[in-house]
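K.L.:
This is upload.cif (mmCIF, C-alpha atoms).
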```
data_upload
loop_
_atom_site.group_PDB
_atom_site.id
_atom_site.type_symbol
_atom_site.label_atom_id
_atom_site.label_comp_id
_atom_site.auth_asym_id
_atom_site.auth_seq_id
_atom_site.Cartn_x
_atom_site.Cartn_y
_atom_site.Cartn_z
ATOM 1 C CA ILE A 1 103.973 98.482 89.680
ATOM 2 C CA LYS A 2 102.658 95.879 92.126
ATOM 3 C CA THR A 3 99.529 96.838 94.060
ATOM 4 C CA HIS A 4 98.381 94.993 97.171
ATOM 5 C CA GLY A 5 96.056 92.100 96.301
ATOM 6 C CA SER A 6 93.265 93.451 98.532
ATOM 7 C CA PHE A 7 93.350 96.979 97.069
ATOM 8 C CA ASP A 8 89.924 98.094 95.791
ATOM 9 C CA ILE A 9 90.309 100.872 93.225
ATOM 10 C CA SER A 10 86.577 101.646 93.475
ATOM 11 C CA ASN A 11 86.953 102.431 97.211
ATOM 12 C CA PRO A 12 88.666 105.821 97.720
ATOM 13 C CA THR A 13 89.311 104.964 101.394
ATOM 14 C CA SER A 14 90.694 101.456 100.781
ATOM 15 C CA PRO A 15 92.969 100.435 103.684
ATOM 16 C CA PHE A 16 95.151 98.549 101.166
ATOM 17 C CA ASP A 17 96.133 101.625 99.113
ATOM 18 C CA ILE A 18 99.786 100.618 98.834
ATOM 19 C CA ALA A 19 101.947 99.668 95.863
ATOM 20 C CA LEU A 20 105.548 98.854 95.027
ATOM 21 C CA LEU A 21 107.482 100.190 92.048
ATOM 22 C CA ARG A 22 110.351 98.298 90.418
ATOM 23 C CA LEU A 23 113.065 100.542 89.005
ATOM 24 C CA ARG A 24 114.532 99.715 85.577
ATOM 25 C CA GLU A 25 118.010 100.506 86.876
ATOM 26 C CA LEU A 26 119.583 100.077 90.290
ATOM 27 C CA ALA A 27 119.398 103.133 92.514
ATOM 28 C CA ALA A 28 122.741 104.884 92.981
ATOM 29 C CA PHE A 29 123.107 105.094 96.759
ATOM 30 C CA SER A 30 125.415 107.687 98.297
ATOM 31 C CA PRO A 31 125.960 109.230 101.740
ATOM 32 C CA ILE A 32 122.847 111.385 101.178
ATOM 33 C CA ILE A 33 120.756 108.913 99.133
ATOM 34 C CA GLN A 34 119.896 105.810 101.146
ATOM 35 C CA PRO A 35 117.014 103.328 101.334
ATOM 36 C CA ILE A 36 114.321 104.328 103.808
ATOM 37 C CA CYS A 37 114.023 102.354 107.041
ATOM 38 C CA LEU A 38 110.854 100.322 107.451
ATOM 39 C CA PRO A 39 109.189 99.530 110.762
ATOM 40 C CA ARG A 40 109.329 95.926 111.889
ATOM 41 C CA PRO A 41 106.082 93.947 112.228
ATOM 42 C CA SER A 42 107.196 93.032 115.764
ATOM 43 C CA ASP A 43 107.708 96.654 116.852
ATOM 44 C CA GLU A 44 105.678 97.786 119.840
ATOM 45 C CA GLU A 45 102.197 99.149 119.342
ATOM 46 C CA TYR A 46 101.889 102.685 118.088
ATOM 47 C CA THR A 47 99.971 104.811 120.598
ATOM 48 C CA GLY A 48 99.825 108.472 121.457
ATOM 49 C CA THR A 49 101.022 111.418 119.394
ATOM 50 C CA TYR A 50 104.363 111.640 117.596
ATOM 51 C CA ASP A 51 106.374 114.235 115.713
ATOM 52 C CA ALA A 52 106.620 113.299 112.060
ATOM 53 C CA PHE A 53 107.149 114.738 108.590
ATOM 54 C CA VAL A 54 105.165 114.345 105.400
ATOM 55 C CA MET A 55 106.846 114.895 102.049
ATOM 56 C CA GLY A 56 105.283 115.605 98.696
ATOM 57 C CA TRP A 57 105.133 117.451 95.405
ATOM 58 C CA GLY A 58 101.626 118.744 96.040
ATOM 59 C CA SER A 59 100.235 122.075 94.946
ATOM 60 C CA ARG A 60 100.154 124.692 97.679
ATOM 61 C CA ASN A 61 97.348 126.773 96.184
ATOM 62 C CA GLU A 62 94.114 126.529 94.207
ATOM 63 C CA SER A 63 95.824 127.188 90.845
ATOM 64 C CA LEU A 64 97.498 123.755 91.023
ATOM 65 C CA VAL A 65 100.999 125.145 90.579
ATOM 66 C CA TYR A 66 103.409 122.418 91.659
ATOM 67 C CA PRO A 67 106.787 123.006 93.364
ATOM 68 C CA ASP A 68 110.166 122.431 91.718
ATOM 69 C CA GLU A 69 111.553 120.993 94.950
ATOM 70 C CA LEU A 70 110.224 118.337 97.293
ATOM 71 C CA LEU A 71 108.259 119.927 100.138
ATOM 72 C CA VAL A 72 108.594 118.713 103.739
ATOM 73 C CA THR A 73 105.960 119.586 106.344
ATOM 74 C CA PRO A 74 106.114 118.809 110.082
ATOM 75 C CA VAL A 75 102.972 117.094 111.383
ATOM 76 C CA LYS A 76 101.657 115.310 114.465
ATOM 77 C CA ALA A 77 100.884 111.642 113.897
ATOM 78 C CA ILE A 78 98.172 110.059 116.026
ATOM 79 C CA SER A 79 97.229 106.452 116.653
ATOM 80 C CA THR A 80 94.403 104.729 114.828
ATOM 81 C CA TYR A 81 92.483 104.575 118.122
ATOM 82 C CA ASN A 82 92.712 108.354 118.587
ATOM 83 C CA CYS A 83 91.912 108.924 114.929
ATOM 84 C CA GLN A 84 88.762 106.810 115.268
ATOM 85 C CA LYS A 85 87.567 109.253 117.937
ATOM 86 C CA THR A 86 87.473 112.018 115.298
ATOM 87 C CA ALA A 87 84.782 112.294 112.642
ATOM 88 C CA LEU A 88 86.783 109.795 110.548
ATOM 89 C CA GLY A 89 85.434 107.041 112.809
ATOM 90 C CA PRO A 90 85.289 103.704 110.956
ATOM 91 C CA LYS A 91 87.440 105.000 108.066
ATOM 92 C CA ALA A 92 90.404 104.807 110.467
ATOM 93 C CA VAL A 93 91.197 101.079 110.613
ATOM 94 C CA LYS A 94 94.203 99.105 111.893
ATOM 95 C CA GLU A 95 95.912 99.380 108.484
ATOM 96 C CA THR A 96 95.945 103.181 108.788
ATOM 97 C CA ILE A 97 97.356 105.965 110.948
ATOM 98 C CA CYS A 98 96.495 109.643 110.870
ATOM 99 C CA ALA A 99 98.532 112.832 110.851
ATOM 100 C CA GLY A 100 97.950 116.529 110.426
ATOM 101 C CA HIS A 101 98.661 119.939 111.868
ATOM 102 C CA VAL A 102 98.780 120.300 115.645
ATOM 103 C CA ASN A 103 95.024 120.964 115.628
ATOM 104 C CA ASN A 104 94.645 117.799 113.498
ATOM 105 C CA GLY A 105 93.841 119.687 110.300
ATOM 106 C CA SER A 106 94.764 118.317 106.892
ATOM 107 C CA VAL A 107 98.115 119.094 105.248
ATOM 108 C CA LEU A 108 97.816 116.972 102.092
ATOM 109 C CA ARG A 109 97.176 118.641 98.740
ATOM 110 C CA GLU A 110 96.729 117.525 95.130
ATOM 111 C CA GLY A 111 99.978 115.741 94.210
ATOM 112 C CA ASP A 112 100.915 114.623 97.759
ATOM 113 C CA PHE A 113 99.071 111.292 97.799
ATOM 114 C CA GLY A 114 101.430 108.311 97.727
ATOM 115 C CA GLY A 115 104.106 110.329 99.521
ATOM 116 C CA PRO A 116 105.822 109.218 102.731
ATOM 117 C CA LEU A 117 105.006 109.945 106.358
ATOM 118 C CA VAL A 118 108.293 109.529 108.244
ATOM 119 C CA PHE A 119 109.320 109.526 111.890
ATOM 120 C CA PRO A 120 112.807 110.807 112.745
ATOM 121 C CA ARG A 121 114.837 108.185 114.622
ATOM 122 C CA GLY A 122 118.376 109.141 115.512
ATOM 123 C CA LYS A 123 120.247 109.910 112.298
ATOM 124 C CA THR A 124 117.689 108.227 110.071
ATOM 125 C CA TYR A 125 113.961 108.137 109.300
ATOM 126 C CA VAL A 126 111.427 105.327 109.478
ATOM 127 C CA GLN A 127 108.646 105.371 106.908
ATOM 128 C CA MET A 128 105.505 104.862 108.942
ATOM 129 C CA GLY A 129 102.896 105.795 106.377
ATOM 130 C CA VAL A 130 101.908 106.366 102.760
ATOM 131 C CA ALA A 131 99.574 109.323 102.118
ATOM 132 C CA SER A 132 96.207 107.817 101.177
ATOM 133 C CA PHE A 133 93.209 110.145 101.601
ATOM 134 C CA GLN A 134 91.642 113.067 103.420
ATOM 135 C CA SER A 135 88.015 113.532 104.454
ATOM 136 C CA ASN A 136 88.032 117.307 104.840
ATOM 137 C CA ALA A 137 90.429 120.102 105.743
ATOM 138 C CA SER A 138 89.506 120.115 109.449
ATOM 139 C CA LEU A 139 90.358 116.425 110.034
ATOM 140 C CA PRO A 140 93.724 114.670 110.057
ATOM 141 C CA ASP A 141 94.873 113.001 106.852
ATOM 142 C CA VAL A 142 94.850 109.214 106.614
ATOM 143 C CA TYR A 143 97.997 107.246 105.788
ATOM 144 C CA ILE A 144 98.445 103.566 105.086
ATOM 145 C CA PHE A 145 100.296 102.163 108.135
ATOM 146 C CA VAL A 146 103.463 100.659 106.622
ATOM 147 C CA LYS A 147 104.075 98.449 109.680
ATOM 148 C CA MET A 148 101.026 96.389 108.708
ATOM 149 C CA PHE A 149 102.520 95.670 105.256
ATOM 150 C CA VAL A 150 106.220 95.045 105.966
ATOM 151 C CA THR A 151 105.903 91.262 105.553
ATOM 152 C CA TRP A 152 104.167 91.806 102.178
ATOM 153 C CA ILE A 153 106.849 94.333 101.125
ATOM 154 C CA HIS A 154 109.682 91.913 101.970
ATOM 155 C CA LYS A 155 107.925 89.050 100.176
ATOM 156 C CA LYS A 156 107.452 91.123 97.007
ATOM 157 C CA THR A 157 110.914 92.768 97.042
ATOM 158 C CA LYS A 158 113.349 89.896 97.413
ATOM 159 C CA ASN A 159 116.977 91.009 96.956
ATOM 160 C CA ALA A 160 116.051 94.653 97.544
ATOM 161 C CA ALA A 161 118.186 97.081 99.537
ATOM 162 C CA TYR A 162 116.849 97.918 102.986
ATOM 163 C CA CYS A 163 117.900 100.352 105.665
ATOM 164 C CA SER A 164 120.791 98.901 107.631
ATOM 165 C CA ASN A 165 119.894 100.631 110.914
ATOM 166 C CA PRO A 166 116.186 100.168 111.707
ATOM 167 C CA ILE A 167 115.025 101.443 115.068
ATOM 168 C CA ALA A 168 112.676 99.189 117.042
ATOM 169 C CA ARG A 169 111.190 101.683 119.515
ATOM 170 C CA TYR A 170 108.888 104.471 118.408
#
```
In structure tokens, write the structure found in this file.

P.N.:
Amino acid sequence: IKTHGSFDISNPTSPFDIALLRLRELAAFSPIIQPICLPRPSDEEYTGTYDAFVMGWGSRNESLVYPDELLVTPVKAISTYNCQKTALGPKAVKETICAGHVNNGSVLREGDFGGPLVFPRGKTYVQMGVASFQSNASLPDVYIFVKMFVTWIHKKTKNAAYCSNPIARY
């Protein structure tokens, strides 16, 4: 596991809460198992509100019973600027984006952190975020903004497989 060099484990809202995992064996790609598309650092600025999905293995109730299958939840992603206007304020920095229910409420649960926030693009998905933290249930969840770390990811994952059809426009 390779964590970002600026990650501060003592800071639960660290904007560098991102890591890479090296597999012992090569992944077996198939028509339904493919590498995720990453945004490009040069892609246009992310503004407004977008349809997205968050995926995770998180518990859906207080008894911490975890699902047998990966859960997928539709959310609305909002720009860092709009997220800063919520009570999250300075916790929403350029390395983060926010997403939640239509009313901006939290969707993340125990076991979901580290999971992907993806935007549908044509026949593929672009991973825009990594679930990082939540302040409270009435505010949107905070995700590490993958676009800000693509150069670091490429530098640390030489010879890795990448999506062959990235989409430039959001």

K.L.:
Near range 129-132 of chain A, within 9 Å and counting all atoms listed in the file, which residues show up once chain neighbours fewer than 6 positions away are dropped, as JSON, numbers by chain?

P.N.:
{"A": [12, 13, 14, 15, 17, 18, 54, 96, 97, 98, 108, 112, 113, 114, 115, 116, 117, 118, 141, 142, 143, 144, 145, 146, 147]}

K.L.:
Using the chain letters and residue numbers of this document, give as a list in words the residues selected by the PyMOL selection byres ((chain A and resi 71) around 12).

P.N.:
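With the PyMOL selection byres ((chain A and resi 71) around 12) on this model, the match is Phe53, Val54, Met55, Gly56, Trp57, Gly58, Ser59, Arg60, Tyr66, Pro67, Asp68, Glu69, Leu70, Val72, Thr73, Pro74, Val107, Leu108, Arg109, Gly111, Asp112, Gly115 and Pro116 of chain A.
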
K.L.:
List every protein, DNA or RNA residue that has at least one atom no more than 12 Å from (93.7, 98.7, 115.5) in the file's coordinates, counting all atoms listed in the file, and write the result as a list of chain:residue names.

P.N.:
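Those residues, ordered by chain and then number, are A:Pro15, A:Glu45, A:Tyr46, A:Thr47, A:Ser79, A:Thr80, A:Tyr81, A:Asn82, A:Cys83, A:Gln84, A:Pro90, A:Lys91, A:Ala92, A:Val93, A:Lys94, A:Glu95, A:Thr96, A:Ile97, A:Phe145, A:Lys147, A:Met148.
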
K.L.:
In Å, how far is it from CA of Ala27 in chain A to CA of Ala52 in chain A?

P.N.:
25.5 Å

K.L.:
Do you know which residues the PyMOL selection byres ((chain A and resi 152) around 12) returns on this file, as a PyMOL selection string?

P.N.:
chain A and resi 2-6+16+18-20+40-41+146-151+153-158

K.L.:
Emit as lines of an AutoDock Vina configuration file the padded axis-aligned box for all listed atoms of range 110-114 of chain A, 4 Å per side, with centre and edge lengths in Å to one decimal.

P.N.:
```
center_x = 99.1
center_y = 112.9
center_z = 96.0
size_x = 12.7
size_y = 17.2
size_z = 11.6
```

K.L.:
May I have the residues within 7 Å of His101 in chain A as an MDAnalysis selection string, using all atoms listed in the file and disregarding those fewer than 5 positions away in the same chain?

P.N.:
chainID A and resid 75:76 106:107

K.L.:
Quick one: write out the picked residues with C-alpha atoms as a JSON list (two decimals), in the coordinates of the input?

P.N.:
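Output below, filename selection-v8.json:
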```
[["chain", "number", "residue", "atom", "x", "y", "z"],
["A", 75, "VAL", "CA", 102.97, 117.09, 111.38],
["A", 76, "LYS", "CA", 101.66, 115.31, 114.46],
["A", 106, "SER", "CA", 94.76, 118.32, 106.89],
["A", 107, "VAL", "CA", 98.12, 119.09, 105.25]]
```
